[in-house]
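*Asks:* Next comes structure05.cif, mmCIF, C-alpha atoms:
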data_data
loop_
_atom_site.group_PDB
_atom_site.id
_atom_site.type_symbol
_atom_site.label_atom_id
_atom_site.label_comp_id
_atom_site.auth_asym_id
_atom_site.auth_seq_id
_atom_site.Cartn_x
_atom_site.Cartn_y
_atom_site.Cartn_z
ATOM 1 C CA MET T 1096 -16.932 2.664 12.177
ATOM 2 C CA THR T 1097 -16.146 6.238 13.069
ATOM 3 C CA TYR T 1098 -14.724 8.750 10.623
ATOM 4 C CA GLN T 1099 -12.361 11.586 11.389
ATOM 5 C CA LYS T 1100 -11.431 14.198 8.823
ATOM 6 C CA MET T 1101 -8.051 15.622 9.705
ATOM 7 C CA THR T 1102 -5.859 18.317 8.298
ATOM 8 C CA PHE T 1103 -2.244 17.236 8.596
ATOM 9 C CA PRO T 1104 0.260 20.070 9.109
ATOM 10 C CA GLY T 1105 2.488 20.541 6.085
ATOM 11 C CA ILE T 1106 0.423 18.271 3.841
ATOM 12 C CA ALA T 1107 -1.771 19.611 1.047
ATOM 13 C CA GLY T 1108 -5.475 18.881 1.387
ATOM 14 C CA GLN T 1109 -7.127 16.676 3.963
ATOM 15 C CA GLN T 1110 -6.695 12.979 4.503
ATOM 16 C CA LEU T 1111 -9.691 10.972 5.621
ATOM 17 C CA VAL T 1112 -8.824 8.603 8.438
ATOM 18 C CA LYS T 1113 -10.905 5.879 10.061
ATOM 19 C CA ASP T 1114 -9.888 5.385 13.659
ATOM 20 C CA LEU T 1115 -11.237 2.441 15.654
ATOM 21 C CA GLY T 1116 -10.437 0.421 18.727
ATOM 22 C CA GLY T 1117 -9.200 1.027 22.234
ATOM 23 C CA GLU T 1118 -6.631 3.679 23.019
ATOM 24 C CA GLY T 1119 -4.407 1.196 24.844
ATOM 25 C CA SER T 1120 -4.163 -1.419 22.112
ATOM 26 C CA GLN T 1121 -1.522 -1.819 19.391
ATOM 27 C CA PRO T 1122 -2.024 0.817 16.651
ATOM 28 C CA ILE T 1123 -2.060 -0.384 13.052
ATOM 29 C CA LEU T 1124 -2.138 1.980 10.076
ATOM 30 C CA PHE T 1125 -3.220 0.580 6.703
ATOM 31 C CA ILE T 1126 -1.748 2.181 3.566
ATOM 32 C CA HIS T 1127 -3.288 1.536 0.140
ATOM 33 C CA GLY T 1128 -1.573 1.176 -3.230
ATOM 34 C CA TRP T 1129 -1.186 3.391 -6.284
ATOM 35 C CA THR T 1130 -4.534 4.886 -7.434
ATOM 36 C CA CYS T 1131 -6.312 2.843 -4.738
ATOM 37 C CA ARG T 1132 -8.078 4.033 -1.592
ATOM 38 C CA ARG T 1133 -8.462 3.334 2.109
ATOM 39 C CA ASP T 1134 -11.765 1.474 1.655
ATOM 40 C CA TYR T 1135 -9.933 -1.460 0.077
ATOM 41 C CA TRP T 1136 -8.916 -2.346 3.643
ATOM 42 C CA ALA T 1137 -12.509 -2.488 4.924
ATOM 43 C CA PRO T 1138 -12.551 -6.258 5.679
ATOM 44 C CA GLN T 1139 -9.281 -5.984 7.594
ATOM 45 C CA MET T 1140 -10.387 -2.883 9.492
ATOM 46 C CA ALA T 1141 -13.601 -4.572 10.591
ATOM 47 C CA ASP T 1142 -11.841 -7.753 11.680
ATOM 48 C CA LEU T 1143 -8.847 -6.298 13.519
ATOM 49 C CA ALA T 1144 -10.816 -3.539 15.248
ATOM 50 C CA ARG T 1145 -11.864 -6.131 17.815
ATOM 51 C CA ASP T 1146 -8.313 -6.383 19.152
ATOM 52 C CA TYR T 1147 -6.287 -3.465 17.789
ATOM 53 C CA ARG T 1148 -6.468 0.273 17.307
ATOM 54 C CA VAL T 1149 -6.752 0.479 13.529
ATOM 55 C CA ALA T 1150 -6.753 3.341 11.055
ATOM 56 C CA ALA T 1151 -6.506 3.815 7.292
ATOM 57 C CA LEU T 1152 -5.813 6.920 5.271
ATOM 58 C CA ASP T 1153 -6.286 8.144 1.737
ATOM 59 C CA LEU T 1154 -2.876 9.292 0.547
ATOM 60 C CA SER T 1155 -2.792 12.665 -1.197
ATOM 61 C CA GLY T 1156 -4.828 12.652 -4.419
ATOM 62 C CA HIS T 1157 -6.299 9.240 -3.683
ATOM 63 C CA GLY T 1158 -9.848 8.439 -2.636
ATOM 64 C CA GLU T 1159 -11.347 11.436 -0.875
ATOM 65 C CA SER T 1160 -8.086 13.276 -0.246
ATOM 66 C CA GLU T 1161 -7.094 16.363 -2.167
ATOM 67 C CA SER T 1162 -4.144 16.855 -4.497
ATOM 68 C CA GLU T 1163 -4.207 20.643 -4.745
ATOM 69 C CA GLY T 1164 -1.002 22.238 -3.550
ATOM 70 C CA ARG T 1165 1.178 19.134 -3.619
ATOM 71 C CA THR T 1166 4.080 19.176 -6.046
ATOM 72 C CA ASP T 1167 6.114 16.217 -4.777
ATOM 73 C CA TRP T 1168 4.492 13.159 -6.315
ATOM 74 C CA SER T 1169 6.967 10.563 -5.138
ATOM 75 C CA VAL T 1170 7.166 7.626 -2.764
ATOM 76 C CA THR T 1171 9.150 9.664 -0.266
ATOM 77 C CA GLY T 1172 6.717 12.554 -0.659
ATOM 78 C CA LEU T 1173 3.731 10.369 0.178
ATOM 79 C CA ALA T 1174 5.623 8.998 3.179
ATOM 80 C CA GLU T 1175 5.074 12.465 4.655
ATOM 81 C CA ASP T 1176 1.334 11.723 4.635
ATOM 82 C CA VAL T 1177 1.940 8.651 6.766
ATOM 83 C CA THR T 1178 4.171 10.512 9.202
ATOM 84 C CA ALA T 1179 1.538 13.235 9.525
ATOM 85 C CA ALA T 1180 -1.213 10.660 10.054
ATOM 86 C CA LEU T 1181 0.734 8.943 12.830
ATOM 87 C CA GLU T 1182 1.308 12.279 14.525
ATOM 88 C CA ALA T 1183 -2.339 13.288 14.205
ATOM 89 C CA LEU T 1184 -3.467 9.963 15.650
ATOM 90 C CA GLY T 1185 -0.885 9.975 18.404
ATOM 91 C CA ALA T 1186 0.065 6.479 17.256
ATOM 92 C CA GLU T 1187 3.532 5.663 18.538
ATOM 93 C CA ASP T 1188 5.163 2.324 17.725
ATOM 94 C CA ALA T 1189 2.493 1.578 15.112
ATOM 95 C CA VAL T 1190 2.588 -1.335 12.722
ATOM 96 C CA LEU T 1191 2.396 -0.087 9.124
ATOM 97 C CA VAL T 1192 0.579 -2.422 6.723
ATOM 98 C CA GLY T 1193 1.065 -1.347 3.118
ATOM 99 C CA HIS T 1194 -0.317 -2.898 -0.060
ATOM 100 C CA SER T 1195 1.674 -2.603 -3.299
ATOM 101 C CA MET T 1196 2.950 0.984 -3.492
ATOM 102 C CA GLY T 1197 1.685 1.397 0.059
ATOM 103 C CA GLY T 1198 4.454 -0.949 1.150
ATOM 104 C CA THR T 1199 7.122 1.244 -0.434
ATOM 105 C CA VAL T 1200 5.574 4.274 1.258
ATOM 106 C CA ALA T 1201 5.530 2.391 4.580
ATOM 107 C CA LEU T 1202 9.223 1.543 4.283
ATOM 108 C CA GLU T 1203 10.112 5.162 3.586
ATOM 109 C CA ALA T 1204 7.911 6.427 6.420
ATOM 110 C CA ALA T 1205 9.521 3.954 8.811
ATOM 111 C CA ARG T 1206 12.905 5.549 8.082
ATOM 112 C CA THR T 1207 11.802 8.846 9.594
ATOM 113 C CA ASP T 1208 9.274 7.752 12.227
ATOM 114 C CA THR T 1209 9.193 5.396 15.168
ATOM 115 C CA VAL T 1210 7.207 2.349 14.109
ATOM 116 C CA ARG T 1211 7.192 -1.153 15.521
ATOM 117 C CA ALA T 1212 7.169 -3.097 12.258
ATOM 118 C CA VAL T 1213 6.223 -2.987 8.573
ATOM 119 C CA VAL T 1214 3.998 -5.538 6.856
ATOM 120 C CA LEU T 1215 4.234 -5.488 3.057
ATOM 121 C CA VAL T 1216 1.265 -6.867 1.106
ATOM 122 C CA ASP T 1217 2.386 -8.031 -2.350
ATOM 123 C CA THR T 1218 4.580 -4.953 -2.554
ATOM 124 C CA PHE T 1219 7.333 -6.581 -4.593
ATOM 125 C CA VAL T 1220 5.103 -7.755 -7.429
ATOM 126 C CA LEU T 1221 7.461 -5.433 -9.318
ATOM 127 C CA PRO T 1222 11.148 -6.179 -8.646
ATOM 128 C CA TYR T 1223 11.973 -2.741 -7.249
ATOM 129 C CA GLY T 1224 15.645 -1.939 -7.482
ATOM 130 C CA ASP T 1225 16.128 -4.388 -10.356
ATOM 131 C CA LEU T 1226 14.158 -2.613 -13.088
ATOM 132 C CA SER T 1227 16.350 -1.166 -15.825
ATOM 133 C CA GLU T 1228 15.400 2.188 -17.307
ATOM 134 C CA ALA T 1229 14.182 0.364 -20.420
ATOM 135 C CA ASP T 1230 12.018 -1.913 -18.280
ATOM 136 C CA ALA T 1231 10.581 1.037 -16.380
ATOM 137 C CA GLN T 1232 9.790 2.921 -19.573
ATOM 138 C CA GLY T 1233 8.170 -0.175 -21.079
ATOM 139 C CA ILE T 1234 5.825 -0.479 -18.081
ATOM 140 C CA GLU T 1235 5.169 3.253 -17.900
ATOM 141 C CA THR T 1236 4.483 4.096 -21.556
ATOM 142 C CA PRO T 1237 1.067 2.368 -22.001
ATOM 143 C CA PHE T 1238 -0.359 4.470 -19.165
ATOM 144 C CA HIS T 1239 0.603 7.639 -21.023
ATOM 145 C CA GLU T 1240 -0.946 6.347 -24.239
ATOM 146 C CA ASP T 1241 -4.299 5.144 -22.835
ATOM 147 C CA PHE T 1242 -4.549 5.343 -19.059
ATOM 148 C CA ALA T 1243 -7.920 3.589 -18.703
ATOM 149 C CA ALA T 1244 -7.011 0.707 -21.008
ATOM 150 C CA ALA T 1245 -3.630 0.234 -19.327
ATOM 151 C CA MET T 1246 -5.260 0.228 -15.907
ATOM 152 C CA ALA T 1247 -7.806 -2.367 -17.009
ATOM 153 C CA GLY T 1248 -4.977 -4.510 -18.284
ATOM 154 C CA LEU T 1249 -3.071 -4.107 -15.035
ATOM 155 C CA VAL T 1250 -6.060 -5.266 -12.984
ATOM 156 C CA ASP T 1251 -6.812 -8.202 -15.321
ATOM 157 C CA ASN T 1252 -3.195 -9.333 -15.338
ATOM 158 C CA THR T 1253 -2.616 -9.126 -11.608
ATOM 159 C CA THR T 1254 -5.841 -10.330 -9.991
ATOM 160 C CA GLY T 1255 -6.236 -14.015 -9.318
ATOM 161 C CA PRO T 1256 -9.174 -16.348 -10.011
ATOM 162 C CA ALA T 1257 -10.431 -15.810 -6.469
ATOM 163 C CA MET T 1258 -11.330 -12.198 -7.283
ATOM 164 C CA ASP T 1259 -15.052 -11.847 -7.969
ATOM 165 C CA GLU T 1260 -16.010 -9.980 -11.135
ATOM 166 C CA ALA T 1261 -17.849 -7.170 -9.348
ATOM 167 C CA THR T 1262 -14.771 -6.315 -7.301
ATOM 168 C CA ARG T 1263 -12.526 -6.584 -10.362
ATOM 169 C CA ALA T 1264 -14.797 -4.177 -12.257
ATOM 170 C CA ARG T 1265 -14.790 -1.801 -9.286
ATOM 171 C CA LEU T 1266 -10.992 -1.773 -9.235
ATOM 172 C CA LYS T 1267 -10.798 -0.992 -12.947
ATOM 173 C CA HIS T 1268 -13.284 1.860 -12.656
ATOM 174 C CA GLU T 1269 -11.927 3.490 -9.516
ATOM 175 C CA MET T 1270 -8.230 3.126 -10.337
ATOM 176 C CA ALA T 1271 -8.735 4.463 -13.874
ATOM 177 C CA ALA T 1272 -10.541 7.494 -12.437
ATOM 178 C CA ALA T 1273 -7.325 8.777 -10.847
ATOM 179 C CA ASP T 1274 -6.139 12.182 -12.050
ATOM 180 C CA THR T 1275 -3.253 11.524 -14.431
ATOM 181 C CA ALA T 1276 -1.729 14.893 -13.449
ATOM 182 C CA TRP T 1277 -0.476 13.198 -10.274
ATOM 183 C CA ALA T 1278 -0.919 9.499 -11.087
ATOM 184 C CA LEU T 1279 1.591 9.467 -13.955
ATOM 185 C CA PRO T 1280 4.466 11.277 -12.210
ATOM 186 C CA LEU T 1281 3.899 9.103 -9.143
ATOM 187 C CA TRP T 1282 3.959 5.966 -11.326
ATOM 188 C CA ARG T 1283 7.202 7.166 -12.894
ATOM 189 C CA ASP T 1284 8.828 7.645 -9.494
ATOM 190 C CA LEU T 1285 7.536 4.334 -8.154
ATOM 191 C CA LEU T 1286 8.981 2.354 -11.057
ATOM 192 C CA ARG T 1287 12.409 3.807 -10.294
ATOM 193 C CA TRP T 1288 12.261 3.450 -6.520
ATOM 194 C CA SER T 1289 14.834 1.266 -4.794
ATOM 195 C CA PRO T 1290 14.314 -0.419 -1.408
ATOM 196 C CA GLU T 1291 18.026 -0.427 -0.600
ATOM 197 C CA PRO T 1292 18.156 2.828 1.425
ATOM 198 C CA ALA T 1293 15.217 1.668 3.561
ATOM 199 C CA PHE T 1294 16.574 -1.857 3.968
ATOM 200 C CA GLY T 1295 19.918 -0.406 4.985
ATOM 201 C CA ALA T 1296 18.450 1.995 7.536
ATOM 202 C CA LEU T 1297 15.733 -0.098 9.189
ATOM 203 C CA GLU T 1298 16.318 -2.439 12.115
ATOM 204 C CA ILE T 1299 12.662 -3.255 12.751
ATOM 205 C CA PRO T 1300 10.875 -6.447 11.663
ATOM 206 C CA ILE T 1301 9.711 -6.409 8.036
ATOM 207 C CA HIS T 1302 7.197 -9.050 6.982
ATOM 208 C CA ALA T 1303 5.521 -9.657 3.620
ATOM 209 C CA ILE T 1304 2.221 -11.367 2.801
ATOM 210 C CA ASN T 1305 2.505 -12.305 -0.867
ATOM 211 C CA GLY T 1306 0.331 -13.856 -3.537
ATOM 212 C CA ASP T 1307 1.605 -16.014 -6.390
ATOM 213 C CA LEU T 1308 3.044 -13.257 -8.601
ATOM 214 C CA ILE T 1309 6.214 -12.190 -6.769
ATOM 215 C CA PRO T 1310 9.162 -12.559 -9.205
ATOM 216 C CA GLU T 1311 12.265 -14.446 -8.138
ATOM 217 C CA PRO T 1312 14.602 -11.398 -8.381
ATOM 218 C CA ALA T 1313 12.428 -9.648 -5.810
ATOM 219 C CA ARG T 1314 12.560 -12.640 -3.486
ATOM 220 C CA GLN T 1315 16.329 -12.730 -3.793
ATOM 221 C CA ARG T 1316 16.629 -9.005 -3.022
ATOM 222 C CA CYS T 1317 14.403 -9.378 0.037
ATOM 223 C CA ALA T 1318 16.076 -12.547 1.313
ATOM 224 C CA GLY T 1319 17.417 -12.105 4.824
ATOM 225 C CA ARG T 1320 15.620 -8.788 5.172
ATOM 226 C CA VAL T 1321 11.961 -9.704 4.850
ATOM 227 C CA THR T 1322 10.048 -12.606 6.390
ATOM 228 C CA GLU T 1323 7.693 -13.878 3.692
ATOM 229 C CA TRP T 1324 4.241 -15.373 4.253
ATOM 230 C CA HIS T 1325 2.673 -16.886 1.143
ATOM 231 C CA MET T 1326 -1.029 -16.947 0.252
ATOM 232 C CA PRO T 1327 -1.348 -19.479 -2.597
ATOM 233 C CA GLY T 1328 -4.166 -18.966 -5.052
ATOM 234 C CA THR T 1329 -4.118 -15.175 -4.799
ATOM 235 C CA GLY T 1330 -2.842 -12.462 -7.091
ATOM 236 C CA HIS T 1331 -1.850 -8.881 -6.343
ATOM 237 C CA PHE T 1332 -4.848 -8.064 -4.125
ATOM 238 C CA PRO T 1333 -4.886 -10.936 -1.587
ATOM 239 C CA GLN T 1334 -6.699 -8.815 1.000
ATOM 240 C CA MET T 1335 -9.613 -8.430 -1.424
ATOM 241 C CA GLU T 1336 -9.425 -11.776 -3.222
ATOM 242 C CA MET T 1337 -9.520 -13.938 -0.082
ATOM 243 C CA PRO T 1338 -10.282 -11.489 2.753
ATOM 244 C CA GLU T 1339 -11.033 -14.053 5.463
ATOM 245 C CA ALA T 1340 -7.918 -16.090 4.727
ATOM 246 C CA PHE T 1341 -5.881 -12.887 4.513
ATOM 247 C CA ASN T 1342 -7.194 -11.704 7.873
ATOM 248 C CA ARG T 1343 -6.101 -14.969 9.472
ATOM 249 C CA LYS T 1344 -2.667 -14.646 7.887
ATOM 250 C CA LEU T 1345 -2.314 -11.047 9.004
ATOM 251 C CA ARG T 1346 -3.217 -12.035 12.538
ATOM 252 C CA GLU T 1347 -0.498 -14.683 12.394
ATOM 253 C CA VAL T 1348 2.007 -12.067 11.316
ATOM 254 C CA LEU T 1349 0.956 -9.662 14.066
ATOM 255 C CA ALA T 1350 1.181 -12.432 16.642
ATOM 256 C CA ALA T 1351 4.705 -13.236 15.429
ATOM 257 C CA LEU T 1352 5.786 -9.659 16.189
#
Turn the structure described in the file into structure tokens.

*Replies:*
Amino acid sequence: MTYQKMTFPGIAGQQLVKDLGGEGSQPILFIHGWTCRRDYWAPQMADLARDYRVAALDLSGHGESESEGRTDWSVTGLAEDVTAALEALGAEDAVLVGHSMGGTVALEAARTDTVRAVVLVDTFVLPYGDLSEADAQGIETPFHEDFAAAMAGLVDNTTGPAMDEATRARLKHEMAAADTAWALPLWRDLLRWSPEPAFGALEIPIHAINGDLIPEPARQRCAGRVTEWHMPGTGHFPQMEMPEAFNRKLREVLAAL
């Protein structure tokens, strides 16, 4: 793998981007979830680099990217990172693959940039657009009270039996290490985000690779708008729980485009 450290105009700090593959092949940009990092896509990057031009970025504050100078900790704010990454890479008509929050960011970025398609990875494990304010506050409050304990609970409650213990422990440690100065306001915004503006604006294909945890209200909201691909036996991190099976599924989705 090659590493490029890029400064994106208008974005605080630097985002670290891995850029692989031939210049003439389909570009794919992987977008991680809340408090996660680009390295969680490593098995997919290695597999798809044989046939695609692939890249992954650390969103502001996440992984090895900086948070200094950014004041807009929102889904739409982070979509600016994606737009800047696509511009820096010269990646027109890219496919955006976003896990969890990364899917919401991908949908918002697709509203303002020319992309070929969006692939959501277990994004709607929370029924975005259907959470009441009381529901959102109930999910949000434990992270204000004890961030590390709440994060450990989140990982335990959303990872499936296929997740090995070393990877589960890594997730707990790295996600809990996020700076709460940006993680908490971003979490607040995410819990109140609605997909309706993006669904209403986008005319590109939207696919979803989901584990077993997607609630029925989310499926109903996405019906007719999102083509769902199910990975039974996986939780919220299917790309890490069953990476080889996920890679095959992702290839199926890309072929369907």

*Asks:* Quick one: everything within 10 Å of Arg1283 in chain T, counting all atoms listed in the file, minus sequence neighbours fewer than 4 positions away in the same chain. Send it as a PyMOL selection string.

*Replies:* chain T and resi 1168-1169+1231-1232+1234-1236+1278-1279+1287-1288

*Asks:* Please write the residues from the selection above to a file, keeping C-alpha atoms, as a CSV table (one decimal), in the frame of the given file.

*Replies:*
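selection_27.csv, written as the output of this step:
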chain,number,residue,atom,x,y,z
T,1168,TRP,CA,4.5,13.2,-6.3
T,1169,SER,CA,7.0,10.6,-5.1
T,1231,ALA,CA,10.6,1.0,-16.4
T,1232,GLN,CA,9.8,2.9,-19.6
T,1234,ILE,CA,5.8,-0.5,-18.1
T,1235,GLU,CA,5.2,3.3,-17.9
T,1236,THR,CA,4.5,4.1,-21.6
T,1278,ALA,CA,-0.9,9.5,-11.1
T,1279,LEU,CA,1.6,9.5,-14.0
T,1287,ARG,CA,12.4,3.8,-10.3
T,1288,TRP,CA,12.3,3.4,-6.5

*Asks:* Which residue gives the smallest distance to Ala1244 in chain T among T:Met1270, T:Leu1154, T:Val1210, T:Leu1191, with all atoms listed in the file counted?

*Replies:* T:Met1270

*Asks:* Expand the PyMOL selection byres ((chain T and resi 1199) around 9) into the explicit residue set it covers here, and present it as an mmCIF file with C-alpha atoms, in the frame of the given file.

*Replies:*
data_model
loop_
_atom_site.group_PDB
_atom_site.id
_atom_site.type_symbol
_atom_site.label_atom_id
_atom_site.label_comp_id
_atom_site.auth_asym_id
_atom_site.auth_seq_id
_atom_site.Cartn_x
_atom_site.Cartn_y
_atom_site.Cartn_z
ATOM 1 C CA VAL T 1170 7.166 7.626 -2.764
ATOM 2 C CA THR T 1171 9.150 9.664 -0.266
ATOM 3 C CA ALA T 1174 5.623 8.998 3.179
ATOM 4 C CA GLY T 1193 1.065 -1.347 3.118
ATOM 5 C CA HIS T 1194 -0.317 -2.898 -0.060
ATOM 6 C CA SER T 1195 1.674 -2.603 -3.299
ATOM 7 C CA MET T 1196 2.950 0.984 -3.492
ATOM 8 C CA GLY T 1197 1.685 1.397 0.059
ATOM 9 C CA GLY T 1198 4.454 -0.949 1.150
ATOM 10 C CA VAL T 1200 5.574 4.274 1.258
ATOM 11 C CA ALA T 1201 5.530 2.391 4.580
ATOM 12 C CA LEU T 1202 9.223 1.543 4.283
ATOM 13 C CA GLU T 1203 10.112 5.162 3.586
ATOM 14 C CA ALA T 1204 7.911 6.427 6.420
ATOM 15 C CA LEU T 1215 4.234 -5.488 3.057
ATOM 16 C CA THR T 1218 4.580 -4.953 -2.554
ATOM 17 C CA PHE T 1219 7.333 -6.581 -4.593
ATOM 18 C CA LEU T 1285 7.536 4.334 -8.154
ATOM 19 C CA TRP T 1288 12.261 3.450 -6.520
ATOM 20 C CA SER T 1289 14.834 1.266 -4.794
ATOM 21 C CA PRO T 1290 14.314 -0.419 -1.408
#

*Asks:* Residues picked by the PyMOL selection byres ((chain T and resi 1298) around 12) here, as a list of chain:residue names?

*Replies:*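 Selected by the PyMOL selection byres ((chain T and resi 1298) around 12) here: T:Leu1202, T:Ala1205, T:Arg1206, T:Thr1209, T:Val1210, T:Arg1211, T:Ala1212, T:Val1213, T:Ala1293, T:Phe1294, T:Gly1295, T:Ala1296, T:Leu1297, T:Ile1299, T:Pro1300, T:Ile1301, T:Arg1320, T:Val1321.
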
*Asks:* Of the candidates T:Gly1172, T:Pro1222, T:Asp1208, T:Glu1240, which one gets nearest to Gln1315 in chain T if we count all atoms listed in the file?

*Replies:*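 Nearest to Gln1315 in chain T: T:Pro1222.
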
*Asks:* Running the PyMOL selection byres ((chain T and resi 1143) around 10) on this model by hand, what would come out? Give it as a PyMOL selection string.

*Replies:* chain T and resi 1115-1116+1123+1138-1142+1144-1149+1342-1343+1345-1346

*Asks:* Based on the selection just made, write C-alpha atoms of those residues as a compact mmCIF listing (two decimals), in the frame of the given file.

*Replies:*
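Here's the written file result.txt:
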# COMPACT_ATOMS: atom_id res chain seq x y z
CA LEU T 1115 -11.24 2.44 15.65
CA GLY T 1116 -10.44 0.42 18.73
CA ILE T 1123 -2.06 -0.38 13.05
CA PRO T 1138 -12.55 -6.26 5.68
CA GLN T 1139 -9.28 -5.98 7.59
CA MET T 1140 -10.39 -2.88 9.49
CA ALA T 1141 -13.60 -4.57 10.59
CA ASP T 1142 -11.84 -7.75 11.68
CA ALA T 1144 -10.82 -3.54 15.25
CA ARG T 1145 -11.86 -6.13 17.82
CA ASP T 1146 -8.31 -6.38 19.15
CA TYR T 1147 -6.29 -3.46 17.79
CA ARG T 1148 -6.47 0.27 17.31
CA VAL T 1149 -6.75 0.48 13.53
CA ASN T 1342 -7.19 -11.70 7.87
CA ARG T 1343 -6.10 -14.97 9.47
CA LEU T 1345 -2.31 -11.05 9.00
CA ARG T 1346 -3.22 -12.04 12.54

*Asks:* T:Val1190, T:Arg1133, T:Gly1255, T:Asp1167: which is nearest Ala1350 in chain T, counting all atoms listed in the file?

*Replies:*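 Ranked by minimum distance to Ala1350 in chain T, first place goes to T:Val1190.
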
*Asks:* What gap, in Å, lies between CA of Ala1264 in chain T and CA of Ala1247 in chain T?

*Replies:*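 Distance reported for this atom pair: 8.6 Å.
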
*Asks:* In terms of the shortest atom-to-atom distance over only C-alpha atoms, which of T:Glu1269, T:Asp1217, T:Asp1241, T:Glu1323 is closest to Glu1347 in chain T?

*Replies:*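 Smallest separation from Glu1347 in chain T among the options: T:Glu1323.
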
*Asks:* Would you mind reading off the distance between CA of Trp1324 in chain T and CA of Asp1307 in chain T, one decimal, in Å?

*Replies:*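 According to the coordinates, CA of Trp1324 in chain T and CA of Asp1307 in chain T are separated by 11.0 Å.
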
*Asks:* For a quick check of understanding, using all atoms listed in the file, which of T:Ala1180, T:Ala1313, T:Leu1152, T:Val1348 has the smallest distance to Gly1128 in chain T?

*Replies:*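 So, comparing all the options, the nearest one is T:Leu1152.
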
*Asks:* Using only C-alpha atoms, find the one residue out of T:Ala1318, T:Glu1182, T:Glu1291, T:Glu1163 that sits nearest to Ala1276 in chain T.

*Replies:*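 Checking each of T:Ala1318, T:Glu1182, T:Glu1291, T:Glu1163 against Ala1276 in chain T, counting only C-alpha atoms, the winner is T:Glu1163.
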
*Asks:* How big is the axis-aligned box, and where does its centre sit, when it encloses all atoms of range 1287-1298 of chain T listed in the file and has 5 Å added on every side, reported in Å to one decimal as JSON?

*Replies:*
{"center_x": 16.1, "center_y": 0.7, "center_z": 0.9, "size_x": 17.7, "size_y": 16.2, "size_z": 32.4}

*Asks:* How many Å separate CA of Gln1121 in chain T from CA of Ala1179 in chain T?

*Replies:*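 Pair CA of Gln1121 in chain T / CA of Ala1179 in chain T returns 18.3 Å.
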
*Asks:* List the spatial neighbours of Glu1336 in chain T as a list in words - criterion: any atom at most 7 Å away, all atoms listed in the file, same-chain residues fewer than 4 positions off excluded.

*Replies:*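 The residues that qualify are Ala1257, Met1258, Thr1329 and Phe1332 of chain T.
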
*Asks:* Find the spatial neighbours of Arg1265 in chain T, counting only C-alpha atoms, within a cut-off of 12 Å - ignore same-chain residues fewer than 6 positions away - and output them as number ranges by chain.

*Replies:* T: 1131-1132, 1134-1135, 1246-1247, 1250-1251, 1258-1259, 1271-1272, 1335
